[in-house]
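Colleague: Just one file: work_10.txt, with compact mmCIF, C-alpha atoms.
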```txt
# COMPACT_ATOMS: atom_id res chain seq x y z
CA MET A 273 -2.51 3.96 -34.72
CA LEU A 274 -3.62 6.80 -32.43
CA GLU A 275 -6.55 7.56 -34.73
CA ALA A 276 -7.68 3.93 -34.49
CA ALA A 277 -7.44 4.04 -30.69
CA LEU A 278 -9.52 7.23 -30.61
CA LEU A 279 -12.13 5.56 -32.79
CA VAL A 280 -12.27 2.45 -30.62
CA VAL A 281 -11.40 3.02 -26.94
CA TYR A 282 -14.00 5.58 -25.87
CA PRO A 283 -16.89 4.35 -28.05
CA MET A 284 -16.30 0.71 -27.12
CA LEU A 285 -16.15 1.36 -23.38
CA VAL A 286 -19.15 3.71 -23.40
CA ALA A 287 -21.24 1.25 -25.44
CA PHE A 288 -20.15 -1.60 -23.14
CA GLY A 289 -21.15 0.41 -20.04
CA GLY A 290 -24.61 1.11 -21.46
CA ALA A 291 -25.14 -2.49 -22.58
CA SER A 292 -23.92 -3.79 -19.24
CA ASP A 293 -26.44 -1.62 -17.39
CA LEU A 294 -29.23 -2.77 -19.70
CA LEU A 295 -28.45 -6.46 -19.24
CA THR A 296 -27.32 -6.57 -15.59
CA MET A 297 -28.42 -3.26 -14.01
CA THR A 298 -24.75 -2.81 -13.11
CA ILE A 299 -21.87 -0.79 -14.49
CA ARG A 300 -18.71 -2.33 -13.12
CA ASN A 301 -16.00 -0.07 -11.73
CA ARG A 302 -13.57 -1.40 -14.31
CA VAL A 303 -15.52 0.33 -17.09
CA SER A 304 -15.04 3.75 -15.50
CA ILE A 305 -11.43 2.94 -14.56
CA LEU A 306 -10.68 1.87 -18.14
CA LEU A 307 -12.26 5.06 -19.45
CA ILE A 308 -10.01 7.11 -17.16
CA MET A 309 -6.92 5.06 -18.08
CA GLY A 310 -7.78 5.36 -21.76
CA PHE A 311 -8.09 9.12 -21.38
CA VAL A 312 -4.68 9.36 -19.69
CA LEU A 313 -2.92 7.12 -22.22
CA LEU A 314 -4.45 8.79 -25.27
CA SER A 315 -3.80 12.24 -23.80
CA LEU A 316 -0.13 11.36 -23.37
CA ALA A 317 0.08 9.75 -26.81
CA SER A 318 -1.55 12.72 -28.52
CA GLY A 319 0.56 15.30 -26.70
CA LEU A 320 -2.44 16.95 -25.10
CA PRO A 321 -1.28 20.32 -23.69
CA LEU A 322 -1.23 20.76 -19.92
CA ALA A 323 -3.97 23.43 -20.06
CA ALA A 324 -6.23 20.96 -21.86
CA TRP A 325 -5.60 18.37 -19.11
CA GLY A 326 -6.93 20.96 -16.66
CA THR A 327 -10.01 21.61 -18.79
CA HIS A 328 -10.77 17.89 -18.92
CA ALA A 329 -10.20 17.44 -15.19
CA LEU A 330 -12.48 20.40 -14.49
CA GLY A 331 -15.24 18.73 -16.51
CA ALA A 332 -15.06 15.68 -14.25
CA LEU A 333 -14.74 17.80 -11.11
CA VAL A 334 -17.89 19.75 -11.96
CA VAL A 335 -19.95 16.65 -12.76
CA PHE A 336 -18.83 14.39 -9.91
CA PRO A 337 -20.25 16.36 -6.94
CA VAL A 338 -23.67 16.56 -8.60
CA CYS A 339 -23.59 12.82 -9.34
CA PHE A 340 -22.43 12.13 -5.77
CA LEU A 341 -25.33 14.17 -4.40
CA PHE A 342 -27.77 12.29 -6.66
CA TRP A 343 -26.29 8.99 -5.46
CA THR A 344 -26.63 9.97 -1.77
CA LEU A 345 -30.26 10.92 -2.39
CA GLY A 346 -30.88 7.56 -4.08
CA TRP A 347 -31.66 9.15 -7.44
CA MET A 348 -28.71 7.57 -9.24
CA GLY A 349 -26.67 4.43 -8.84
CA GLY A 350 -23.01 4.58 -7.90
CA GLY A 351 -21.96 2.95 -11.16
CA ASP A 352 -23.95 5.53 -13.10
CA ALA A 353 -22.27 8.37 -11.17
CA LYS A 354 -18.77 7.04 -11.85
CA PHE A 355 -19.59 6.28 -15.50
CA LEU A 356 -20.99 9.77 -16.10
CA THR A 357 -17.96 11.35 -14.41
CA ALA A 358 -15.49 9.31 -16.49
CA ILE A 359 -17.26 10.40 -19.67
CA ALA A 360 -17.19 14.02 -18.46
CA LEU A 361 -13.40 13.67 -18.14
CA TRP A 362 -13.20 12.82 -21.83
CA ILE A 363 -15.47 15.72 -22.80
CA GLY A 364 -13.90 18.32 -20.51
CA PHE A 365 -15.34 21.59 -19.29
CA THR A 366 -16.55 22.63 -22.73
CA PRO A 367 -19.90 23.57 -24.27
CA GLU A 368 -20.21 19.92 -25.29
CA LEU A 369 -20.36 18.96 -21.61
CA ALA A 370 -23.56 20.98 -21.17
CA GLY A 371 -24.98 19.29 -24.27
CA PHE A 372 -24.00 15.89 -22.89
CA VAL A 373 -25.68 16.52 -19.53
CA LEU A 374 -28.80 17.83 -21.26
CA LEU A 375 -28.96 14.75 -23.52
CA VAL A 376 -28.50 12.43 -20.52
CA SER A 377 -31.41 14.18 -18.80
CA VAL A 378 -33.71 13.99 -21.82
CA TYR A 379 -32.86 10.38 -22.68
CA GLY A 380 -33.09 9.43 -19.01
CA MET A 381 -36.55 10.97 -18.81
CA PHE A 382 -37.76 9.01 -21.84
CA LEU A 383 -36.14 5.82 -20.56
CA THR A 384 -37.76 6.24 -17.14
CA MET A 385 -41.19 7.05 -18.55
CA GLY A 386 -40.99 4.14 -20.98
CA LEU A 387 -39.98 1.66 -18.30
CA LEU A 388 -42.61 2.90 -15.87
CA TYR A 389 -45.26 2.57 -18.57
CA MET A 390 -44.05 -0.91 -19.49
CA ARG A 391 -43.92 -2.00 -15.86
CA THR A 392 -47.50 -0.93 -15.17
CA ASN A 393 -49.24 -1.59 -18.49
CA VAL A 394 -47.48 -4.40 -20.33
CA VAL A 395 -47.70 -8.09 -19.54
CA LEU A 396 -44.60 -9.90 -20.75
CA PRO A 397 -45.30 -12.65 -23.26
CA ASN A 398 -43.88 -16.07 -22.31
CA PRO A 399 -40.79 -15.97 -24.56
CA LEU A 400 -39.75 -12.63 -23.04
CA ALA A 401 -40.70 -13.67 -19.52
CA ARG A 402 -37.98 -16.33 -19.74
CA GLN A 403 -35.26 -13.72 -20.34
CA GLU A 404 -33.80 -12.78 -16.97
CA TRP A 405 -32.66 -9.30 -18.04
CA ILE A 406 -36.07 -8.42 -19.48
CA VAL A 407 -37.82 -9.67 -16.34
CA ARG A 408 -35.45 -7.49 -14.27
CA LEU A 409 -36.26 -4.45 -16.45
CA HIS A 410 -39.98 -5.18 -16.09
CA ASP A 411 -39.82 -5.57 -12.30
CA ARG A 412 -41.43 -2.57 -10.55
CA LYS A 413 -38.95 -2.93 -7.69
CA SER A 414 -35.96 -2.55 -10.03
CA GLY A 415 -34.23 0.72 -10.57
CA ILE A 416 -33.75 2.46 -13.89
CA PRO A 417 -30.66 1.43 -15.89
CA TYR A 418 -29.62 5.05 -16.41
CA GLY A 419 -26.33 3.93 -17.95
CA ILE A 420 -28.25 3.42 -21.18
CA ALA A 421 -29.12 7.14 -21.35
CA ILE A 422 -25.58 8.08 -20.32
CA ALA A 423 -24.05 5.87 -23.01
CA ILE A 424 -26.34 7.07 -25.81
CA ALA A 425 -25.63 10.70 -24.92
CA GLY A 426 -21.90 10.01 -24.61
CA LEU A 427 -21.77 8.37 -28.02
CA GLN A 428 -23.86 11.11 -29.59
CA ILE A 429 -21.67 13.93 -28.23
CA TYR A 430 -18.30 12.28 -29.02
CA PRO A 431 -18.13 13.44 -32.66
CA MET A 432 -18.42 17.04 -31.42
CA THR A 433 -15.43 16.77 -29.07
CA ALA A 434 -11.83 17.76 -29.68
CA TRP A 435 -10.91 14.06 -29.68
CA PHE A 436 -12.98 13.34 -32.72
CA GLN A 437 -11.69 16.49 -34.42
CA MET A 438 -8.15 15.10 -33.95
CA ILE A 439 -9.20 12.06 -35.92
CA GLY A 440 -10.49 14.16 -38.79
CA SER A 441 -7.35 16.29 -38.88
CA GLY A 442 -5.04 13.30 -39.16
CA LEU A 443 -3.42 14.32 -35.83
```
Would it be possible to restate this file's structure as structure tokens?
Modeller:
Amino acid sequence: MLEAALLVVYPMLVAFGGASDLLTMTIRNRVSILLIMGFVLLSLASGLPLAAWGTHALGALVVFPVCFLFWTLGWMGGGDAKFLTAIALWIGFTPELAGFVLLVSVYGMFLTMGLLYMRTNVVLPNPLARQEWIVRLHDRKSGIPYGIAIAIAGLQIYPMTAWFQMIGSGL
């Protein structure tokens, strides 16, 4: 049962956060809260050692101040900052965290460049212009739904984490 939870909880919530940002330009607080609660419950259920709890907390504590700074400067939305921090909790202060942050940066760059290009060079055809979420993405005054880049990177890095290795080992 724990293996099934590890295969579902994190990937489902991360994918939902990315899809939510794509469709609504919002990542609700409940997504980040559920990620944190899922981490706590699965850590307890798996018997995660106390030292590992500290490593995971340190991952979030290293990422959060940077995200908070980016939020105060207007470079990142608050939902994105909380979402990225909750994912960092799952990853922990490990080499995978650096890979995650690097992937978020690269995917975020491509997402931003793609949206800026689309917003300045592409006229939406009528069927697409009737889709509210596409119109919002196309609007030059809209922000960048960075949660998409965060989610893709989070899903890509998950198989490299200790959580996924627990699944393969049969716990």
Colleague: Between CA of Glu368 (chain A) and CA of His328 (chain A), what distance in Å does the model show, to one decimal?
Modeller: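 That distance, rounded to one decimal, is 11.6 Å.
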Colleague: Quick check, in Å to one decimal: how far apart do CA of Phe342 (chain A) and CA of Ile416 (chain A) lie?
Modeller: 13.6 Å
Colleague: Compile the contact shell of region 378-380 of chain A as an NGL selection string: residues with an atom at most 10 Å away, counting all atoms listed in the file, same-chain residues fewer than 3 positions apart removed.
Modeller: :A and (372-375 or 383-386 or 416-425)
Colleague: Check the smallest atom-to-atom distance from each of A:Leu387, A:Ala358, A:Val407, A:Met438 to Glu275 (chain A) using all atoms listed in the file, then report the winner.
Modeller: A:Met438
Colleague: Given all atoms listed in the file as the basis, pick out the residue of A:Ala360, A:Phe382, A:Asp411, A:Phe336 nearest to Val394 (chain A).
Modeller: A:Asp411
Colleague: Ranking A:Ile359, A:Cys339, A:Leu400, A:Ala370 by minimum distance to Leu285 (chain A) and counting only C-alpha atoms, which one comes first?
Modeller: A:Ile359
Colleague: Return the single residue from A:Leu279, A:Leu396, A:Leu313, A:Leu294 that is closest to Pro431 (chain A), with distances computed using only C-alpha atoms.
Modeller: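 The shortest atom-to-atom distance to Pro431 (chain A) comes from A:Leu279.
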Colleague: Skipping near chain neighbours, those fewer than 3 positions away, what residues fall within 9 Å of Trp435 (chain A) using only C-alpha atoms, listed as a PyMOL selection string?
Modeller: chain A and resi 278+362-363+430-432+438-439
Colleague: Any chance you could export the current selection's C-alpha atoms as a short mmCIF file (atom, residue, chain, number, x, y, z; two decimals), in the frame of the given file?
Modeller:
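Okay, part.cif is ready:
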```
data_model
loop_
_atom_site.label_atom_id
_atom_site.label_comp_id
_atom_site.auth_asym_id
_atom_site.auth_seq_id
_atom_site.Cartn_x
_atom_site.Cartn_y
_atom_site.Cartn_z
CA LEU A 278 -9.52 7.23 -30.61
CA TRP A 362 -13.20 12.82 -21.83
CA ILE A 363 -15.47 15.72 -22.80
CA TYR A 430 -18.30 12.28 -29.02
CA PRO A 431 -18.13 13.44 -32.66
CA MET A 432 -18.42 17.04 -31.42
CA MET A 438 -8.15 15.10 -33.95
CA ILE A 439 -9.20 12.06 -35.92
#
```
Colleague: Which residue gives the smallest distance to Ala317 (chain A) among A:Leu274, A:Ile406, A:Met297, A:Met390, with all atoms listed in the file counted?
Modeller: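 Result for the nearest residue to Ala317 (chain A): A:Leu274.
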Colleague: As an exercise, work out the distance from CA of Pro367 (chain A) to CA of Ile429 (chain A) in Å and give it to one decimal place.
Modeller: 10.6 Å
Colleague: Residues within 12 Å of (-37.0, -0.8, -7.4), file coordinates, counting all atoms listed in the file: what are they? Give the list as a short mmCIF file (atom, residue, chain, number, x, y, z; two decimals) with C-alpha atoms, keeping the file's coordinate frame.
Modeller:
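Below is the file that was written, selection_39.cif:
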```
data_model
loop_
_atom_site.label_atom_id
_atom_site.label_comp_id
_atom_site.auth_asym_id
_atom_site.auth_seq_id
_atom_site.Cartn_x
_atom_site.Cartn_y
_atom_site.Cartn_z
CA MET A 297 -28.42 -3.26 -14.01
CA GLY A 346 -30.88 7.56 -4.08
CA TRP A 347 -31.66 9.15 -7.44
CA MET A 348 -28.71 7.57 -9.24
CA GLY A 349 -26.67 4.43 -8.84
CA LEU A 387 -39.98 1.66 -18.30
CA LEU A 388 -42.61 2.90 -15.87
CA ARG A 391 -43.92 -2.00 -15.86
CA ARG A 408 -35.45 -7.49 -14.27
CA LEU A 409 -36.26 -4.45 -16.45
CA HIS A 410 -39.98 -5.18 -16.09
CA ASP A 411 -39.82 -5.57 -12.30
CA ARG A 412 -41.43 -2.57 -10.55
CA LYS A 413 -38.95 -2.93 -7.69
CA SER A 414 -35.96 -2.55 -10.03
CA GLY A 415 -34.23 0.72 -10.57
CA ILE A 416 -33.75 2.46 -13.89
CA PRO A 417 -30.66 1.43 -15.89
#
```
Colleague: Might you pull out every residue within 9 Å of Phe311 (chain A), with only C-alpha atoms counted and same-chain residues fewer than 5 positions away left off, and present them as a ChimeraX atom specification?
Modeller: /A:281-282,306,316,358,361-362
Colleague: Put the listed atoms of region 320-324 of chain A in a box along x, y and z with 5 Å added on every side and give me the centre and edge lengths in Å to one decimal, as JSON.
Modeller:
```
{"center_x": -3.7, "center_y": 20.2, "center_z": -22.5, "size_x": 15.0, "size_y": 16.5, "size_z": 15.2}
```
Colleague: Tell me which of A:Met381, A:Leu369, A:Ala277, A:Ala353 sits closest to Thr298 (chain A), counting only C-alpha atoms.
Modeller: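 Answer, going by the shortest atom-to-atom distance: A:Ala353.
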Colleague: Which residues are close to Trp325 (chain A), i.e. within 9 Å by all atoms listed in the file, leaving aside same-chain residues fewer than 4 positions away? Reply as a PyMOL selection string.
Modeller: chain A and resi 315+320-321+329-330+364
Colleague: Write to file, as an mmCIF file, in the frame of the given file, the residues of the selection just made, with C-alpha atoms.
Modeller:
```cif
data_model
loop_
_atom_site.group_PDB
_atom_site.id
_atom_site.type_symbol
_atom_site.label_atom_id
_atom_site.label_comp_id
_atom_site.auth_asym_id
_atom_site.auth_seq_id
_atom_site.Cartn_x
_atom_site.Cartn_y
_atom_site.Cartn_z
ATOM 1 C CA SER A 315 -3.800 12.240 -23.800
ATOM 2 C CA LEU A 320 -2.440 16.950 -25.100
ATOM 3 C CA PRO A 321 -1.280 20.320 -23.690
ATOM 4 C CA ALA A 329 -10.200 17.440 -15.190
ATOM 5 C CA LEU A 330 -12.480 20.400 -14.490
ATOM 6 C CA GLY A 364 -13.900 18.320 -20.510
#
```
Colleague: Just region 287-423 of chain A from the block, C-alpha atoms, as a PDB file, in the first residue's frame, could you?
Modeller:
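Wrote it out as result18.pdb, contents follow:
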```pdb
ATOM      1  CA  ALA A 287       0.948  17.244 -12.083  1.00  0.00           C
ATOM      2  CA  PHE A 288      -2.214  18.879 -10.708  1.00  0.00           C
ATOM      3  CA  GLY A 289      -0.240  21.972  -9.623  1.00  0.00           C
ATOM      4  CA  GLY A 290       1.304  22.350 -13.080  1.00  0.00           C
ATOM      5  CA  ALA A 291      -2.004  21.809 -14.883  1.00  0.00           C
ATOM      6  CA  SER A 292      -3.754  24.223 -12.544  1.00  0.00           C
ATOM      7  CA  ASP A 293      -1.205  26.938 -13.312  1.00  0.00           C
ATOM      8  CA  LEU A 294      -1.548  26.303 -17.047  1.00  0.00           C
ATOM      9  CA  LEU A 295      -5.341  26.529 -16.993  1.00  0.00           C
ATOM     10  CA  THR A 296      -5.942  29.187 -14.325  1.00  0.00           C
ATOM     11  CA  MET A 297      -2.571  30.935 -13.751  1.00  0.00           C
ATOM     12  CA  THR A 298      -3.013  29.943 -10.103  1.00  0.00           C
ATOM     13  CA  ILE A 299      -1.600  27.245  -7.860  1.00  0.00           C
ATOM     14  CA  ARG A 300      -3.899  27.015  -4.869  1.00  0.00           C
ATOM     15  CA  ASN A 301      -2.396  26.821  -1.395  1.00  0.00           C
ATOM     16  CA  ARG A 302      -4.066  23.466  -0.868  1.00  0.00           C
ATOM     17  CA  VAL A 303      -1.764  21.868  -3.460  1.00  0.00           C
ATOM     18  CA  SER A 304       1.349  22.858  -1.512  1.00  0.00           C
ATOM     19  CA  ILE A 305      -0.303  21.996   1.812  1.00  0.00           C
ATOM     20  CA  LEU A 306      -1.285  18.551   0.505  1.00  0.00           C
ATOM     21  CA  LEU A 307       2.265  17.998  -0.744  1.00  0.00           C
ATOM     22  CA  ILE A 308       3.601  18.821   2.732  1.00  0.00           C
ATOM     23  CA  MET A 309       0.976  16.645   4.445  1.00  0.00           C
ATOM     24  CA  GLY A 310       1.703  13.810   2.024  1.00  0.00           C
ATOM     25  CA  PHE A 311       5.398  14.101   2.804  1.00  0.00           C
ATOM     26  CA  VAL A 312       4.761  13.941   6.554  1.00  0.00           C
ATOM     27  CA  LEU A 313       2.356  10.993   6.337  1.00  0.00           C
ATOM     28  CA  LEU A 314       4.518   8.964   3.964  1.00  0.00           C
ATOM     29  CA  SER A 315       7.640   9.761   5.997  1.00  0.00           C
ATOM     30  CA  LEU A 316       5.931   8.426   9.111  1.00  0.00           C
ATOM     31  CA  ALA A 317       4.545   5.398   7.285  1.00  0.00           C
ATOM     32  CA  SER A 318       7.906   4.521   5.759  1.00  0.00           C
ATOM     33  CA  GLY A 319       9.828   4.973   9.009  1.00  0.00           C
ATOM     34  CA  LEU A 320      12.003   7.735   7.596  1.00  0.00           C
ATOM     35  CA  PRO A 321      14.924   8.236  10.014  1.00  0.00           C
ATOM     36  CA  LEU A 322      15.099  11.497  11.963  1.00  0.00           C
ATOM     37  CA  ALA A 323      18.311  12.550  10.173  1.00  0.00           C
ATOM     38  CA  ALA A 324      16.531  12.182   6.833  1.00  0.00           C
ATOM     39  CA  TRP A 325      13.699  14.425   8.094  1.00  0.00           C
ATOM     40  CA  GLY A 326      16.356  17.072   8.718  1.00  0.00           C
ATOM     41  CA  THR A 327      17.816  16.644   5.236  1.00  0.00           C
ATOM     42  CA  HIS A 328      14.375  17.086   3.682  1.00  0.00           C
ATOM     43  CA  ALA A 329      13.569  20.106   5.847  1.00  0.00           C
ATOM     44  CA  LEU A 330      16.912  21.655   4.915  1.00  0.00           C
ATOM     45  CA  GLY A 331      16.028  21.297   1.227  1.00  0.00           C
ATOM     46  CA  ALA A 332      12.877  23.348   1.769  1.00  0.00           C
ATOM     47  CA  LEU A 333      14.663  25.839   4.027  1.00  0.00           C
ATOM     48  CA  VAL A 334      17.321  26.494   1.387  1.00  0.00           C
ATOM     49  CA  VAL A 335      14.819  26.942  -1.445  1.00  0.00           C
ATOM     50  CA  PHE A 336      12.179  29.021   0.351  1.00  0.00           C
ATOM     51  CA  PRO A 337      14.221  32.199   1.008  1.00  0.00           C
ATOM     52  CA  VAL A 338      15.285  32.375  -2.643  1.00  0.00           C
ATOM     53  CA  CYS A 339      11.679  31.883  -3.777  1.00  0.00           C
ATOM     54  CA  PHE A 340      10.519  34.487  -1.244  1.00  0.00           C
ATOM     55  CA  LEU A 341      13.060  36.972  -2.592  1.00  0.00           C
ATOM     56  CA  PHE A 342      11.925  36.266  -6.168  1.00  0.00           C
ATOM     57  CA  TRP A 343       8.311  36.774  -5.079  1.00  0.00           C
ATOM     58  CA  THR A 344       9.100  40.118  -3.391  1.00  0.00           C
ATOM     59  CA  LEU A 345      10.879  41.263  -6.556  1.00  0.00           C
ATOM     60  CA  GLY A 346       7.859  40.251  -8.650  1.00  0.00           C
ATOM     61  CA  TRP A 347       9.793  37.600 -10.553  1.00  0.00           C
ATOM     62  CA  MET A 348       7.713  34.693  -9.261  1.00  0.00           C
ATOM     63  CA  GLY A 349       4.177  34.231  -8.052  1.00  0.00           C
ATOM     64  CA  GLY A 350       3.442  33.291  -4.468  1.00  0.00           C
ATOM     65  CA  GLY A 351       1.832  30.016  -5.496  1.00  0.00           C
ATOM     66  CA  ASP A 352       4.919  29.130  -7.526  1.00  0.00           C
ATOM     67  CA  ALA A 353       7.180  29.877  -4.539  1.00  0.00           C
ATOM     68  CA  LYS A 354       5.144  27.668  -2.192  1.00  0.00           C
ATOM     69  CA  PHE A 355       4.829  24.900  -4.799  1.00  0.00           C
ATOM     70  CA  LEU A 356       8.573  24.866  -5.484  1.00  0.00           C
ATOM     71  CA  THR A 357       9.326  24.818  -1.746  1.00  0.00           C
ATOM     72  CA  ALA A 358       6.924  21.920  -1.100  1.00  0.00           C
ATOM     73  CA  ILE A 359       8.584  19.919  -3.878  1.00  0.00           C
ATOM     74  CA  ALA A 360      12.011  20.764  -2.418  1.00  0.00           C
ATOM     75  CA  LEU A 361      10.801  19.249   0.869  1.00  0.00           C
ATOM     76  CA  TRP A 362      10.171  15.959  -0.921  1.00  0.00           C
ATOM     77  CA  ILE A 363      13.561  16.050  -2.648  1.00  0.00           C
ATOM     78  CA  GLY A 364      15.592  17.172   0.365  1.00  0.00           C
ATOM     79  CA  PHE A 365      19.015  18.764   0.472  1.00  0.00           C
ATOM     80  CA  THR A 366      20.516  16.271  -1.969  1.00  0.00           C
ATOM     81  CA  PRO A 367      22.284  16.474  -5.333  1.00  0.00           C
ATOM     82  CA  GLU A 368      18.863  15.919  -6.909  1.00  0.00           C
ATOM     83  CA  LEU A 369      17.730  19.269  -5.494  1.00  0.00           C
ATOM     84  CA  ALA A 370      20.373  21.081  -7.542  1.00  0.00           C
ATOM     85  CA  GLY A 371      19.252  19.129 -10.609  1.00  0.00           C
ATOM     86  CA  PHE A 372      15.639  20.047  -9.897  1.00  0.00           C
ATOM     87  CA  VAL A 373      16.408  23.761  -9.575  1.00  0.00           C
ATOM     88  CA  LEU A 374      18.491  23.669 -12.753  1.00  0.00           C
ATOM     89  CA  LEU A 375      15.682  21.929 -14.665  1.00  0.00           C
ATOM     90  CA  VAL A 376      13.128  24.453 -13.368  1.00  0.00           C
ATOM     91  CA  SER A 377      15.364  27.262 -14.619  1.00  0.00           C
ATOM     92  CA  VAL A 378      15.889  25.728 -18.060  1.00  0.00           C
ATOM     93  CA  TYR A 379      12.249  24.758 -18.564  1.00  0.00           C
ATOM     94  CA  GLY A 380      11.135  28.130 -17.223  1.00  0.00           C
ATOM     95  CA  MET A 381      13.395  29.885 -19.720  1.00  0.00           C
ATOM     96  CA  PHE A 382      11.948  27.910 -22.639  1.00  0.00           C
ATOM     97  CA  LEU A 383       8.405  28.422 -21.373  1.00  0.00           C
ATOM     98  CA  THR A 384       8.956  32.173 -21.021  1.00  0.00           C
ATOM     99  CA  MET A 385      10.603  32.539 -24.422  1.00  0.00           C
ATOM    100  CA  GLY A 386       7.880  30.459 -26.067  1.00  0.00           C
ATOM    101  CA  LEU A 387       5.066  32.448 -24.497  1.00  0.00           C
ATOM    102  CA  LEU A 388       6.707  35.780 -25.288  1.00  0.00           C
ATOM    103  CA  TYR A 389       7.151  34.696 -28.904  1.00  0.00           C
ATOM    104  CA  MET A 390       3.552  33.493 -29.105  1.00  0.00           C
ATOM    105  CA  ARG A 391       2.230  36.662 -27.506  1.00  0.00           C
ATOM    106  CA  THR A 392       4.025  38.932 -29.973  1.00  0.00           C
ATOM    107  CA  ASN A 393       3.991  36.890 -33.191  1.00  0.00           C
ATOM    108  CA  VAL A 394       0.985  34.574 -33.207  1.00  0.00           C
ATOM    109  CA  VAL A 395      -2.613  35.566 -33.850  1.00  0.00           C
ATOM    110  CA  LEU A 396      -4.979  33.111 -32.213  1.00  0.00           C
ATOM    111  CA  PRO A 397      -7.341  31.389 -34.628  1.00  0.00           C
ATOM    112  CA  ASN A 398     -11.039  31.720 -33.742  1.00  0.00           C
ATOM    113  CA  PRO A 399     -11.494  28.262 -32.171  1.00  0.00           C
ATOM    114  CA  LEU A 400      -8.568  28.922 -29.806  1.00  0.00           C
ATOM    115  CA  ALA A 401      -9.598  32.521 -29.170  1.00  0.00           C
ATOM    116  CA  ARG A 402     -12.784  31.161 -27.567  1.00  0.00           C
ATOM    117  CA  GLN A 403     -10.811  29.195 -24.955  1.00  0.00           C
ATOM    118  CA  GLU A 404     -10.439  31.401 -21.891  1.00  0.00           C
ATOM    119  CA  TRP A 405      -7.246  29.743 -20.646  1.00  0.00           C
ATOM    120  CA  ILE A 406      -5.535  30.071 -24.030  1.00  0.00           C
ATOM    121  CA  VAL A 407      -6.558  33.724 -24.298  1.00  0.00           C
ATOM    122  CA  ARG A 408      -5.104  34.284 -20.803  1.00  0.00           C
ATOM    123  CA  LEU A 409      -1.820  32.606 -21.845  1.00  0.00           C
ATOM    124  CA  HIS A 410      -1.730  34.743 -24.989  1.00  0.00           C
ATOM    125  CA  ASP A 411      -2.382  38.011 -23.140  1.00  0.00           C
ATOM    126  CA  ARG A 412       0.773  40.155 -22.987  1.00  0.00           C
ATOM    127  CA  LYS A 413      -0.309  41.494 -19.602  1.00  0.00           C
ATOM    128  CA  SER A 414      -0.456  37.997 -18.093  1.00  0.00           C
ATOM    129  CA  GLY A 415       2.374  36.515 -16.138  1.00  0.00           C
ATOM    130  CA  ILE A 416       4.171  33.291 -16.921  1.00  0.00           C
ATOM    131  CA  PRO A 417       2.612  30.113 -15.482  1.00  0.00           C
ATOM    132  CA  TYR A 418       5.932  28.977 -14.028  1.00  0.00           C
ATOM    133  CA  GLY A 419       4.204  26.102 -12.229  1.00  0.00           C
ATOM    134  CA  ILE A 420       4.348  24.222 -15.519  1.00  0.00           C
ATOM    135  CA  ALA A 421       8.171  24.294 -15.491  1.00  0.00           C
ATOM    136  CA  ILE A 422       8.230  23.460 -11.779  1.00  0.00           C
ATOM    137  CA  ALA A 423       5.913  20.478 -12.265  1.00  0.00           C
TER     138      ALA A 423
END
```
